[in-house]
$ cat work-v7.tsv   # TSV, C-alpha atoms
chain	number	residue	atom	x	y	z
A	1	MET	CA	-42.97	135.99	146.97
A	2	ARG	CA	-41.80	134.69	150.32
A	3	ARG	CA	-38.42	136.38	149.85
A	4	ARG	CA	-40.08	139.66	148.92
A	5	LEU	CA	-42.28	139.56	151.99
A	6	ILE	CA	-39.26	138.95	154.23
A	7	GLN	CA	-37.21	141.65	152.54
A	8	SER	CA	-40.00	144.23	152.67
A	9	THR	CA	-40.72	143.49	156.33
A	10	LEU	CA	-37.06	143.74	157.28
A	11	ALA	CA	-36.66	146.94	155.27
A	12	VAL	CA	-39.53	148.56	157.16
A	13	VAL	CA	-38.11	147.40	160.49
A	14	LEU	CA	-34.61	148.67	159.64
A	15	VAL	CA	-35.93	152.07	158.60
A	16	VAL	CA	-37.94	152.37	161.79
A	17	LEU	CA	-35.00	151.27	163.94
A	18	ALA	CA	-32.64	153.61	162.13
A	19	VAL	CA	-34.90	156.63	162.63
A	20	PHE	CA	-35.73	155.90	166.24
A	21	GLY	CA	-32.24	154.56	167.04
A	22	VAL	CA	-30.44	157.69	165.83
A	23	SER	CA	-32.93	159.89	167.65
A	24	LEU	CA	-32.52	157.83	170.82
A	25	VAL	CA	-28.71	158.01	170.61
A	26	VAL	CA	-28.79	161.80	170.22
A	27	VAL	CA	-31.27	162.27	173.04
A	28	GLU	CA	-29.46	159.91	175.42
A	29	SER	CA	-26.06	161.48	174.68
A	30	ARG	CA	-27.36	164.95	175.42
A	31	THR	CA	-29.11	163.73	178.52
A	32	ILE	CA	-25.94	162.09	179.88
A	33	GLU	CA	-23.85	165.19	179.13
A	34	GLU	CA	-26.39	167.56	180.69
A	35	SER	CA	-26.72	165.26	183.69
A	36	ALA	CA	-22.91	165.30	184.18
A	37	GLU	CA	-22.75	169.09	183.91
A	38	GLU	CA	-25.63	169.46	186.36
A	39	SER	CA	-23.93	167.08	188.80
A	40	VAL	CA	-20.65	169.08	188.65
A	41	ARG	CA	-22.51	172.37	189.25
A	42	SER	CA	-24.42	170.87	192.16
A	43	GLU	CA	-21.14	169.63	193.65
A	44	ALA	CA	-19.62	173.09	193.39
A	45	VAL	CA	-22.63	174.75	195.02
A	46	ARG	CA	-22.62	172.21	197.83
A	47	LEU	CA	-18.87	172.64	198.53
A	48	VAL	CA	-19.19	176.45	198.62
A	49	SER	CA	-21.94	176.08	201.15
A	50	VAL	CA	-19.82	173.74	203.28
A	51	VAL	CA	-16.74	176.02	203.13
A	52	GLU	CA	-18.77	179.14	203.91
A	53	SER	CA	-20.44	177.43	206.89
A	54	ARG	CA	-17.04	176.42	208.31
A	55	LEU	CA	-15.62	179.91	207.81
A	56	VAL	CA	-18.57	181.50	209.58
A	57	ASN	CA	-18.23	179.07	212.49
A	58	GLU	CA	-14.43	179.54	212.49
A	59	GLU	CA	-13.92	175.84	211.90
A	60	PRO	CA	-10.87	174.57	210.05
A	61	VAL	CA	-11.14	174.27	206.30
A	62	THR	CA	-8.68	171.58	205.24
A	63	GLU	CA	-8.35	168.85	202.64
A	64	GLU	CA	-9.25	166.23	205.24
A	65	THR	CA	-12.47	167.98	206.30
A	66	LEU	CA	-13.59	168.55	202.72
A	67	ARG	CA	-12.58	165.20	201.18
A	68	THR	CA	-15.20	163.35	203.23
A	69	THR	CA	-17.95	165.50	201.69
A	70	VAL	CA	-16.92	164.87	198.09
A	71	GLU	CA	-18.27	161.89	196.15
A	72	GLY	CA	-16.19	160.20	193.51
A	73	ASP	CA	-12.72	161.16	192.26
A	74	ARG	CA	-13.42	164.61	190.87
A	75	TYR	CA	-10.75	167.28	190.90
A	76	ILE	CA	-11.52	169.92	193.59
A	77	ARG	CA	-9.78	173.29	194.08
A	78	VAL	CA	-10.86	175.55	196.98
A	79	GLU	CA	-9.43	179.06	197.21
A	80	VAL	CA	-9.94	181.06	200.44
A	81	PRO	CA	-8.56	184.60	200.70
A	82	GLY	CA	-5.37	184.75	202.75
A	83	ARG	CA	-4.91	180.96	202.73
A	84	PRO	CA	-3.14	178.60	200.39
A	85	PRO	CA	-5.49	176.83	197.93
A	86	ILE	CA	-6.77	173.42	198.91
A	87	VAL	CA	-6.47	170.88	196.07
A	88	PHE	CA	-7.34	167.20	196.02
A	89	GLY	CA	-8.36	164.63	193.43
A	90	ASP	CA	-6.68	163.84	190.09
A	91	LYS	CA	-6.66	166.71	187.63
A	92	PRO	CA	-8.08	165.58	184.27
A	93	GLU	CA	-5.62	165.71	181.39
A	94	ASP	CA	-8.16	165.67	178.55
A	95	ASP	CA	-11.31	167.72	178.05
A	96	VAL	CA	-13.13	168.49	181.26
A	97	ILE	CA	-16.50	169.56	182.54
A	98	GLU	CA	-15.92	172.43	184.93
A	99	ALA	CA	-18.08	174.35	187.40
A	100	ARG	CA	-16.88	177.43	189.30
A	101	GLN	CA	-18.80	178.84	192.26
A	102	ALA	CA	-17.95	181.85	194.52
A	103	GLY	CA	-19.14	182.29	198.10
A	104	ALA	CA	-20.06	185.30	200.29
A	105	GLN	CA	-16.77	185.11	202.25
A	106	GLY	CA	-14.73	185.46	199.07
A	107	GLU	CA	-14.03	181.76	198.73
A	108	THR	CA	-14.07	180.08	195.32
A	109	VAL	CA	-14.67	176.42	194.55
A	110	VAL	CA	-13.72	174.80	191.24
A	111	VAL	CA	-14.98	171.28	190.40
A	112	GLN	CA	-13.74	169.43	187.31
A	113	GLN	CA	-14.70	166.05	185.87
A	114	SER	CA	-13.15	164.29	182.89
A	115	GLU	CA	-15.31	164.05	179.78
A	116	GLY	CA	-13.89	160.55	179.29
A	117	ALA	CA	-16.22	159.25	181.99
A	118	VAL	CA	-19.13	160.88	180.22
A	119	ARG	CA	-18.07	159.39	176.89
A	120	ALA	CA	-17.76	155.98	178.57
A	121	GLU	CA	-21.31	156.33	179.86
A	122	VAL	CA	-22.50	157.35	176.40
A	123	GLY	CA	-20.66	154.34	174.95
A	124	ARG	CA	-22.35	151.95	177.36
A	125	THR	CA	-25.71	153.46	176.45
A	126	LEU	CA	-24.91	153.05	172.75
A	127	LEU	CA	-23.99	149.39	173.30
A	128	ILE	CA	-27.29	148.80	175.08
A	129	ILE	CA	-29.22	150.51	172.26
A	130	LEU	CA	-27.26	148.51	169.65
A	131	ALA	CA	-27.96	145.24	171.47
A	132	VAL	CA	-31.66	146.06	171.70
A	133	THR	CA	-31.62	146.97	167.99
A	134	LEU	CA	-29.99	143.68	167.03
A	135	LEU	CA	-32.53	141.77	169.13
A	136	ALA	CA	-35.32	143.72	167.42
A	137	ILE	CA	-33.88	142.86	163.99
A	138	VAL	CA	-33.59	139.17	164.89
A	139	ALA	CA	-37.15	139.14	166.27
A	140	ALA	CA	-38.39	140.99	163.19
A	141	ALA	CA	-36.62	138.49	160.93
A	142	ILE	CA	-38.21	135.55	162.75
A	143	LEU	CA	-41.64	137.16	162.62
A	144	ALA	CA	-41.13	138.07	158.95
A	145	VAL	CA	-40.25	134.47	158.09
A	146	ARG	CA	-43.26	133.15	159.98
A	147	GLN	CA	-45.59	135.73	158.45
A	148	ALA	CA	-44.21	135.09	154.97
A	149	HIS	CA	-44.74	131.36	155.48
A	150	ARG	CA	-48.27	131.99	156.74
A	151	VAL	CA	-49.11	134.03	153.65
A	152	ALA	CA	-47.07	132.18	151.04
A	153	ALA	CA	-47.94	128.62	152.14
A	154	PRO	CA	-51.71	129.07	151.58
A	155	LEU	CA	-51.02	130.68	148.20
A	156	THR	CA	-48.78	127.77	147.24
A	157	ASP	CA	-51.47	125.38	148.42
A	158	LEU	CA	-54.13	127.23	146.41
A	159	ALA	CA	-51.88	127.11	143.35
A	160	GLU	CA	-51.52	123.34	143.79
A	161	THR	CA	-55.30	123.04	144.13
A	162	ALA	CA	-55.80	125.02	140.92
A	163	GLU	CA	-53.18	122.87	139.19
A	164	ARG	CA	-54.91	119.67	140.36
A	165	LEU	CA	-58.22	121.08	139.16
A	166	GLY	CA	-56.73	121.87	135.77
A	167	SER	CA	-55.17	118.42	135.48
A	168	GLY	CA	-58.55	116.72	135.84
A	169	ASP	CA	-58.72	115.99	139.57
A	170	PRO	CA	-61.95	117.74	140.67
A	171	ARG	CA	-61.90	116.63	144.31
A	172	PRO	CA	-62.45	119.65	146.62
A	173	ARG	CA	-59.86	119.96	149.38
A	174	HIS	CA	-61.94	121.98	151.89
A	175	ARG	CA	-58.87	123.67	153.37
A	176	ARG	CA	-59.14	127.03	155.11
A	177	TYR	CA	-56.33	129.30	156.27
A	178	GLY	CA	-57.82	131.81	158.69
A	179	VAL	CA	-57.34	134.67	156.20
A	180	PRO	CA	-60.69	135.93	154.82
A	181	GLU	CA	-59.35	136.73	151.35
A	182	LEU	CA	-57.56	133.39	150.99
A	183	ASP	CA	-60.55	131.51	152.40
A	184	ARG	CA	-62.74	133.21	149.80
A	185	VAL	CA	-60.43	131.97	147.01
A	186	ALA	CA	-60.49	128.49	148.55
A	187	ASP	CA	-64.32	128.59	148.63
A	188	VAL	CA	-64.43	129.52	144.93
A	189	LEU	CA	-61.97	126.76	144.00
A	190	ASP	CA	-63.91	124.16	146.00
A	191	ALA	CA	-67.18	125.27	144.40
A	192	SER	CA	-65.57	125.08	140.95
A	193	ALA	CA	-64.18	121.63	141.76
A	194	GLU	CA	-67.64	120.41	142.77
A	195	ARG	CA	-69.20	121.82	139.59
A	196	ILE	CA	-66.52	120.26	137.42
A	197	GLY	CA	-66.91	116.99	139.30
A	198	ARG	CA	-70.65	117.02	138.64
A	199	MET	CA	-70.03	117.79	134.97
A	200	ILE	CA	-67.52	114.95	134.63
A	201	THR	CA	-69.87	112.58	136.46
A	202	ALA	CA	-72.73	113.63	134.18
A	203	GLU	CA	-70.59	113.03	131.09
A	204	ARG	CA	-69.48	109.62	132.30
A	205	ARG	CA	-73.01	108.76	133.27
A	206	LEU	CA	-74.23	109.82	129.84
A	207	ALA	CA	-71.64	107.63	128.16
A	208	ALA	CA	-72.59	104.64	130.34
A	209	ASP	CA	-76.32	105.25	129.87
A	210	ALA	CA	-75.99	105.73	126.14
A	211	SER	CA	-73.88	102.61	125.68
A	212	HIS	CA	-76.35	100.54	127.71
A	213	GLN	CA	-79.52	101.99	126.28
A	214	LEU	CA	-78.30	101.71	122.72
A	215	ARG	CA	-77.56	98.04	123.20
A	216	THR	CA	-81.22	97.10	123.69
A	217	PRO	CA	-82.65	98.59	120.46
A	218	LEU	CA	-79.56	97.52	118.55
A	219	THR	CA	-80.11	93.93	119.66
A	220	ALA	CA	-83.70	94.02	118.46
A	221	LEU	CA	-82.63	95.75	115.26
A	222	SER	CA	-80.00	93.11	114.53
A	223	MET	CA	-82.62	90.40	114.94
A	224	ARG	CA	-84.91	92.19	112.49
A	225	LEU	CA	-82.10	92.52	109.98
A	226	GLU	CA	-81.34	88.81	110.34
A	227	GLU	CA	-84.99	88.10	109.54
A	228	ILE	CA	-84.71	90.32	106.47
A	229	ILE	CA	-81.49	88.63	105.32
A	230	ALA	CA	-83.02	85.19	105.79
A	231	THR	CA	-85.94	86.03	103.46
A	232	ALA	CA	-84.22	88.45	101.09
A	233	ASP	CA	-83.71	85.99	98.21
A	234	THR	CA	-87.20	84.45	98.19
A	235	ASP	CA	-89.60	84.62	95.27
A	236	ASP	CA	-92.62	84.00	97.42
A	237	PRO	CA	-94.88	87.11	97.40
A	238	GLU	CA	-95.94	86.46	100.99
A	239	GLU	CA	-92.35	86.28	102.14
A	240	ARG	CA	-91.62	89.50	100.27
A	241	VAL	CA	-94.41	91.09	102.23
A	242	THR	CA	-92.78	89.74	105.37
A	243	VAL	CA	-89.46	91.27	104.29
A	244	LYS	CA	-91.16	94.62	103.77
A	245	GLU	CA	-92.81	94.44	107.18
A	246	GLU	CA	-89.54	93.50	108.83
A	247	ALA	CA	-87.75	96.37	107.07
A	248	THR	CA	-90.47	98.77	108.17
A	249	ILE	CA	-90.13	97.59	111.75
A	250	ALA	CA	-86.32	97.90	111.53
A	251	LEU	CA	-86.71	101.45	110.24
A	252	ALA	CA	-89.03	102.25	113.16
A	253	GLN	CA	-86.45	100.84	115.52
A	254	VAL	CA	-83.77	103.08	114.00
A	255	GLU	CA	-86.03	106.10	114.44
A	256	ARG	CA	-86.69	105.14	118.05
A	257	LEU	CA	-82.97	104.61	118.55
A	258	THR	CA	-82.38	108.18	117.36
A	259	ASP	CA	-85.06	109.36	119.77
A	260	VAL	CA	-83.38	107.48	122.63
A	261	VAL	CA	-80.03	109.15	121.88
A	262	GLN	CA	-81.68	112.56	121.79
A	263	ARG	CA	-83.51	111.78	125.01
A	264	LEU	CA	-80.31	110.80	126.78
A	265	LEU	CA	-78.56	113.95	125.61
A	266	THR	CA	-81.46	116.11	126.77
A	267	ASN	CA	-81.55	114.47	130.19
A	268	SER	CA	-77.80	114.87	130.58
A	269	ARG	CA	-78.07	118.62	130.00
A	270	ASP	CA	-81.17	119.23	132.09
A	271	PRO	CA	-83.02	116.30	133.70
A	272	ARG	CA	-86.07	118.53	134.26
A	273	SER	CA	-86.56	119.33	130.59
A	274	GLY	CA	-89.44	116.97	129.88
A	275	SER	CA	-91.26	116.62	126.57
A	276	ALA	CA	-94.37	114.83	127.81
A	277	VAL	CA	-97.37	114.59	125.48
A	278	ALA	CA	-100.60	112.63	125.48
A	279	PHE	CA	-100.36	109.45	123.42
A	280	ASP	CA	-101.99	106.05	122.92
A	281	LEU	CA	-100.35	103.53	125.25
A	282	ASP	CA	-101.65	100.56	123.20
A	283	GLU	CA	-99.43	101.51	120.26
A	284	VAL	CA	-96.26	101.51	122.39
A	285	VAL	CA	-97.15	98.21	124.12
A	286	LYS	CA	-98.03	96.57	120.79
A	287	GLN	CA	-94.88	97.85	119.16
A	288	GLN	CA	-92.71	96.46	121.98
A	289	THR	CA	-94.35	93.03	121.98
A	290	GLU	CA	-93.97	92.79	118.19
A	291	GLU	CA	-90.33	93.83	118.33
A	292	TRP	CA	-89.36	91.34	121.01
A	293	LYS	CA	-91.31	88.35	119.68
A	294	PRO	CA	-88.44	87.18	117.42
A	295	ALA	CA	-85.95	87.25	120.30
A	296	TYR	CA	-88.30	85.28	122.54
A	297	ARG	CA	-89.13	82.89	119.72
A	298	VAL	CA	-85.42	82.12	119.27
A	299	ASP	CA	-85.18	81.45	123.01
A	300	GLY	CA	-88.25	79.15	122.87
A	301	ARG	CA	-90.34	81.52	124.94
A	302	ALA	CA	-93.34	83.77	124.36
A	303	ILE	CA	-94.32	87.36	125.10
A	304	VAL	CA	-98.01	88.25	125.49
A	305	ARG	CA	-100.06	91.27	126.46
A	306	SER	CA	-103.33	91.61	128.37
A	307	GLY	CA	-105.34	94.04	130.44
A	308	LYS	CA	-107.29	97.15	129.66
A	309	THR	CA	-106.93	98.71	126.24
A	310	GLY	CA	-107.66	102.11	124.74
A	311	LEU	CA	-105.70	103.98	127.40
A	312	ARG	CA	-104.10	107.36	126.79
A	313	VAL	CA	-101.27	108.52	129.01
A	314	VAL	CA	-99.04	111.56	129.37
A	315	GLY	CA	-95.33	111.06	128.74
A	316	THR	CA	-92.71	110.68	126.04
A	317	PRO	CA	-93.48	107.74	123.73
A	318	GLY	CA	-89.80	107.04	123.07
A	319	ALA	CA	-88.94	107.08	126.77
A	320	VAL	CA	-91.90	104.85	127.69
A	321	ALA	CA	-90.92	102.43	124.92
A	322	GLN	CA	-87.36	102.38	126.20
A	323	VAL	CA	-88.45	101.71	129.80
A	324	LEU	CA	-90.67	98.81	128.64
A	325	ALA	CA	-87.84	97.53	126.41
A	326	THR	CA	-85.50	97.48	129.39
A	327	CYS	CA	-87.99	95.50	131.50
A	328	ILE	CA	-88.66	93.07	128.63
A	329	GLU	CA	-84.96	92.56	127.93
A	330	ASN	CA	-84.34	92.09	131.65
A	331	ALA	CA	-87.00	89.35	131.69
A	332	LEU	CA	-85.44	87.77	128.58
A	333	MET	CA	-81.95	87.69	130.05
A	334	HIS	CA	-82.68	86.91	133.70
A	335	GLY	CA	-86.21	85.52	133.77
A	336	GLY	CA	-87.95	82.46	132.45
A	337	GLY	CA	-91.16	81.23	130.83
A	338	THR	CA	-93.74	83.51	129.29
A	339	VAL	CA	-93.38	87.26	129.73
A	340	ALA	CA	-96.65	89.13	130.15
A	341	LEU	CA	-97.40	92.83	129.73
A	342	ARG	CA	-100.60	93.84	131.51
A	343	THR	CA	-102.17	97.28	131.58
A	344	ARG	CA	-104.54	98.49	134.26
A	345	VAL	CA	-105.87	101.70	135.78
A	346	THR	CA	-105.45	102.80	139.39
A	347	GLY	CA	-106.85	106.20	140.33
A	348	ASN	CA	-105.57	108.81	137.88
A	349	GLN	CA	-102.65	106.62	136.85
A	350	VAL	CA	-102.13	103.90	134.27
A	351	VAL	CA	-99.91	100.98	135.24
A	352	VAL	CA	-98.02	98.72	132.84
A	353	GLU	CA	-96.83	95.56	134.59
A	354	VAL	CA	-94.08	93.34	133.18
A	355	THR	CA	-93.82	89.89	134.74
A	356	ASP	CA	-92.30	86.50	133.90
A	357	GLU	CA	-92.19	82.97	135.32
A	358	GLY	CA	-88.54	83.01	136.29
A	359	PRO	CA	-86.87	82.76	139.73
A	360	GLY	CA	-87.48	86.41	140.47
A	361	VAL	CA	-85.35	89.00	142.23
A	362	ASP	CA	-82.92	88.04	144.96
A	363	PRO	CA	-84.51	89.07	148.30
A	364	THR	CA	-81.16	90.52	149.42
A	365	LEU	CA	-81.42	93.07	146.62
A	366	GLY	CA	-85.06	94.09	146.78
A	367	SER	CA	-85.62	97.63	145.54
A	368	ARG	CA	-81.84	98.13	145.31
A	369	VAL	CA	-82.03	96.68	141.81
A	370	PHE	CA	-82.70	100.26	140.67
A	371	GLU	CA	-79.37	101.47	142.04
A	372	ARG	CA	-76.54	101.88	139.61
A	373	THR	CA	-73.92	99.10	139.56
A	374	VAL	CA	-76.24	96.87	141.62
A	375	SER	CA	-76.95	93.61	139.81
A	376	GLY	CA	-77.59	90.05	140.85
A	377	HIS	CA	-76.54	88.45	137.53
A	378	ASN	CA	-73.12	89.95	136.75
A	379	SER	CA	-74.59	92.54	134.39
A	380	THR	CA	-73.74	96.25	134.29
A	381	GLY	CA	-76.49	97.20	136.72
A	382	LEU	CA	-77.36	100.26	134.62
A	383	GLY	CA	-80.49	99.18	132.75
A	384	LEU	CA	-83.12	99.48	135.48
A	385	ALA	CA	-81.42	102.58	136.93
A	386	VAL	CA	-81.54	104.38	133.59
A	387	ALA	CA	-85.10	103.15	132.99
A	388	ARG	CA	-86.23	104.62	136.33
A	389	ASP	CA	-84.54	107.94	135.43
A	390	LEU	CA	-86.34	108.00	132.09
A	391	ALA	CA	-89.67	107.28	133.78
A	392	GLU	CA	-89.20	109.96	136.42
A	393	ALA	CA	-88.17	112.54	133.81
A	394	ASP	CA	-91.78	112.54	132.53
A	395	GLY	CA	-93.41	112.46	135.95
A	396	GLY	CA	-93.86	108.69	136.10
A	397	ARG	CA	-92.10	106.04	138.14
A	398	LEU	CA	-90.82	102.50	137.82
A	399	GLU	CA	-91.33	100.20	140.80
A	400	LEU	CA	-90.69	96.57	141.75
A	401	LEU	CA	-94.05	95.41	143.08
A	402	GLN	CA	-93.17	91.76	143.69
A	403	LEU	CA	-90.01	89.73	144.01
A	404	HIS	CA	-91.34	86.28	143.01
A	405	PRO	CA	-92.62	86.06	140.46
A	406	PRO	CA	-91.02	89.38	139.54
A	407	VAL	CA	-93.44	92.19	138.74
A	408	PHE	CA	-92.05	95.50	137.47
A	409	ALA	CA	-94.64	98.25	137.17
A	410	LEU	CA	-94.41	101.46	135.15
A	411	PHE	CA	-96.76	104.13	136.53
A	412	LEU	CA	-97.84	106.84	134.08
A	413	SER	CA	-100.17	109.80	134.40
A	414	ARG	CA	-103.50	109.25	132.69
A	415	ASP	CA	-104.63	111.72	130.08
A	416	ALA	CA	-107.08	114.06	131.82
A	417	ASP	CA	-109.10	114.51	128.61
A	418	GLN	CA	-109.80	110.79	128.24
A	419	PRO	CA	-113.25	109.76	129.48
A	420	VAL	CA	-113.30	107.35	132.41

$ encode --input "work-v7.tsv" --output "structure tokens"
Amino acid sequence: MRRRLIQSTLAVVLVVLAVFGVSLVVVESRTIEESAEESVRSEAVRLVSVVESRLVNEEPVTEETLRTTVEGDRYIRVEVPGRPPIVFGDKPEDDVIEARQAGAQGETVVVQQSEGAVRAEVGRTLLIILAVTLLAIVAAAILAVRQAHRVAAPLTDLAETAERLGSGDPRPRHRRYGVPELDRVADVLDASAERIGRMITAERRLAADASHQLRTPLTALSMRLEEIIATADTDDPEERVTVKEEATIALAQVERLTDVVQRLLTNSRDPRSGSAVAFDLDEVVKQQTEEWKPAYRVDGRAIVRSGKTGLRVVGTPGAVAQVLATCIENALMHGGGTVALRTRVTGNQVVVEVTDEGPGVDPTLGSRVFERTVSGHNSTGLGLAVARDLAEADGGRLELLQLHPPVFALFLSRDADQPV
């Protein structure tokens, strides 16, 4: 492309120079020739006037008196009746420009000039025009190279940007070139890079969220299955009932796990697409305490619930269960002592508080525990961040009310149809 731009620019310049150069040569040549002819005629008229004036005044008309009035080395011939002709100057041997003028006293003046001098003048003019033309071509070539670089370099840069974008590097370059059309293409590429970057970030975030969120129900599910395996071979009717209950709970956990996966996929596509409904909060709290009791029992700890019962809230049961599961697991892994779930009402909101008797949250972290990758115990730092996102997707929120002992509170909208 750069070569084509240079070639096309030079072609246009050469055509223009050729047209105007030939015209200028023709015009200048004619001008020089006409100027020489006019000068010879003027010289003849002037000499006739001088000779006639001397004849009228009876002054001598000689070569000496006339030579001082003639400029240059032109050939002059003056013929006066009854006198020998007066001749001075070198007679041209090649083509000449001649002017003949007769006076009132019968005198005749002939002035000749060699055309070689005229051709020499035309040649000098042609050399000047040729030099100017060459300078114009050189200047045009330099400007063509610069212009081609100015146009081709941004296009090459845009091609590299598109190639980087296609190879998986979505970082926008924010380069502009001072050309509206090229800047428009750069704007579109930068906007596409930002969209692709957001899409890649969303996909990576979904993978991280899914892997983390699936770990919690899978841990509880594995514990339930261990309970089932431990009592599978018993002949005791009561233990068989226990096996059936454990299997039922495991099945419920699988169903909730499916709901969590669907929830994560929905949030990844459109975080605003909520599926909030009115439901009984007691069922979710009870289900979570029952699910996590085996894990706490293995760790020699307990999980209890308290507070107001019979509350109905607006949200997604699966998401609320997952948020509570994250807080409970967080207390199991990083807390200590008994974990308590307490429900209360504040205004038009229902609050579920999860607290334990452990060391609490590092004061240097504070509310930053909800930021992704922020963790005070070498964990992934995703759990609380994802839990807050799940809570906010249904119009609720997850807050850290107290550092020590740690108190995490899930705020949910209260069902407007429930009597106070």

$ atom_distance --input "work-v7.tsv" --atom1 "atom CA of Val314 of chain A" --atom2 "atom CA of Ala278 of chain A"
4.3 Å

$ closest_residue --input "work-v7.tsv" --among "A:Gly197, A:Gly383, A:Gly315, A:Gly89" --to "Gly166 of chain A" --atoms "all atoms listed in the file"
A:Gly197

$ axis_aligned_box --input "work-v7.tsv" --around "segment 396-402 of chain A" --padding-each-side "6 Å" --output "lines of an AutoDock Vina configuration file"
center_x = -92.4
center_y = 100.2
center_z = 139.9
size_x = 15.4
size_y = 28.9
size_z = 19.6

$ closest_residue --input "work-v7.tsv" --among "A:Glu290, A:Glu107, A:Glu329, A:Asp362" --to "Leu384 of chain A" --atoms "all atoms listed in the file"
A:Glu329

$ atom_distance --input "work-v7.tsv" --atom1 "atom CA of Glu63 of chain A" --atom2 "atom CA of Arg119 of chain A"
29.1 Å

$ atom_distance --input "work-v7.tsv" --atom1 "atom CA of Val188 of chain A" --atom2 "atom CA of Ala148 of chain A"
23.3 Å

$ residues_around --input "work-v7.tsv" --residues "Arg176 of chain A" --least-positions-apart "3" --cutoff "10 Å" --atoms "all atoms listed in the file" --output "list in words"
Pro154, Arg173, Val179, Pro180, Leu182, Asp183, Arg184, Val185, Ala186 and Asp187 of chain A

$ residues_around --input "work-v7.tsv" --residues "Ala136 of chain A" --least-positions-apart "3" --cutoff "12 Å" --atoms "all atoms listed in the file" --output "PDB file with C-alpha atoms, in the frame of the given file"
ATOM      1  CA  LEU A  10     -37.060 143.740 157.280  1.00  0.00           C
ATOM      2  CA  VAL A  13     -38.110 147.400 160.490  1.00  0.00           C
ATOM      3  CA  LEU A  14     -34.610 148.670 159.640  1.00  0.00           C
ATOM      4  CA  VAL A  16     -37.940 152.370 161.790  1.00  0.00           C
ATOM      5  CA  LEU A  17     -35.000 151.270 163.940  1.00  0.00           C
ATOM      6  CA  ALA A  18     -32.640 153.610 162.130  1.00  0.00           C
ATOM      7  CA  GLY A  21     -32.240 154.560 167.040  1.00  0.00           C
ATOM      8  CA  ILE A 129     -29.220 150.510 172.260  1.00  0.00           C
ATOM      9  CA  LEU A 130     -27.260 148.510 169.650  1.00  0.00           C
ATOM     10  CA  ALA A 131     -27.960 145.240 171.470  1.00  0.00           C
ATOM     11  CA  VAL A 132     -31.660 146.060 171.700  1.00  0.00           C
ATOM     12  CA  THR A 133     -31.620 146.970 167.990  1.00  0.00           C
ATOM     13  CA  ALA A 139     -37.150 139.140 166.270  1.00  0.00           C
ATOM     14  CA  ALA A 140     -38.390 140.990 163.190  1.00  0.00           C
ATOM     15  CA  ALA A 141     -36.620 138.490 160.930  1.00  0.00           C
ATOM     16  CA  ILE A 142     -38.210 135.550 162.750  1.00  0.00           C
ATOM     17  CA  LEU A 143     -41.640 137.160 162.620  1.00  0.00           C
ATOM     18  CA  ALA A 144     -41.130 138.070 158.950  1.00  0.00           C
TER      19      ALA A 144
END

$ closest_residue --input "work-v7.tsv" --among "A:Leu189, A:Ala102, A:Leu410, A:Ile6" --to "Thr346 of chain A" --atoms "only C-alpha atoms"
A:Leu410

$ closest_atom_pairs --input "work-v7.tsv" --of "segment 25-50 of chain A" --to "segment 67-70 of chain A" --cutoff "10 Å" --atoms "only C-alpha atoms" --output "tab-separated table"
residue	atom	partner	partner_atom	distance
A:Glu43	CA	A:Val70	CA	7.8
A:Ala44	CA	A:Val70	CA	9.8
A:Arg46	CA	A:Thr69	CA	9.0
A:Leu47	CA	A:Thr69	CA	7.9
A:Val50	CA	A:Thr69	CA	8.6

$ write_last_selection --input "work-v7.tsv" --atoms "C-alpha atoms" --output "PDB file, keeping the file's coordinate frame"
ATOM      1  CA  GLU A  43     -21.140 169.630 193.650  1.00  0.00           C
ATOM      2  CA  ALA A  44     -19.620 173.090 193.390  1.00  0.00           C
ATOM      3  CA  ARG A  46     -22.620 172.210 197.830  1.00  0.00           C
ATOM      4  CA  LEU A  47     -18.870 172.640 198.530  1.00  0.00           C
ATOM      5  CA  VAL A  50     -19.820 173.740 203.280  1.00  0.00           C
TER       6      VAL A  50
END

$ closest_residue --input "work-v7.tsv" --among "A:Val109, A:Ala193, A:Leu155, A:Ala99" --to "Val87 of chain A" --atoms "all atoms listed in the file"
A:Val109

$ closest_residue --input "work-v7.tsv" --among "A:Glu33, A:Asp356, A:Glu28, A:Asp282" --to "Arg344 of chain A" --atoms "only C-alpha atoms"
A:Asp282

$ closest_residue --input "work-v7.tsv" --among "A:Pro170, A:Ser192, A:Ile86, A:Ser413" --to "Thr65 of chain A" --atoms "only C-alpha atoms"
A:Ile86
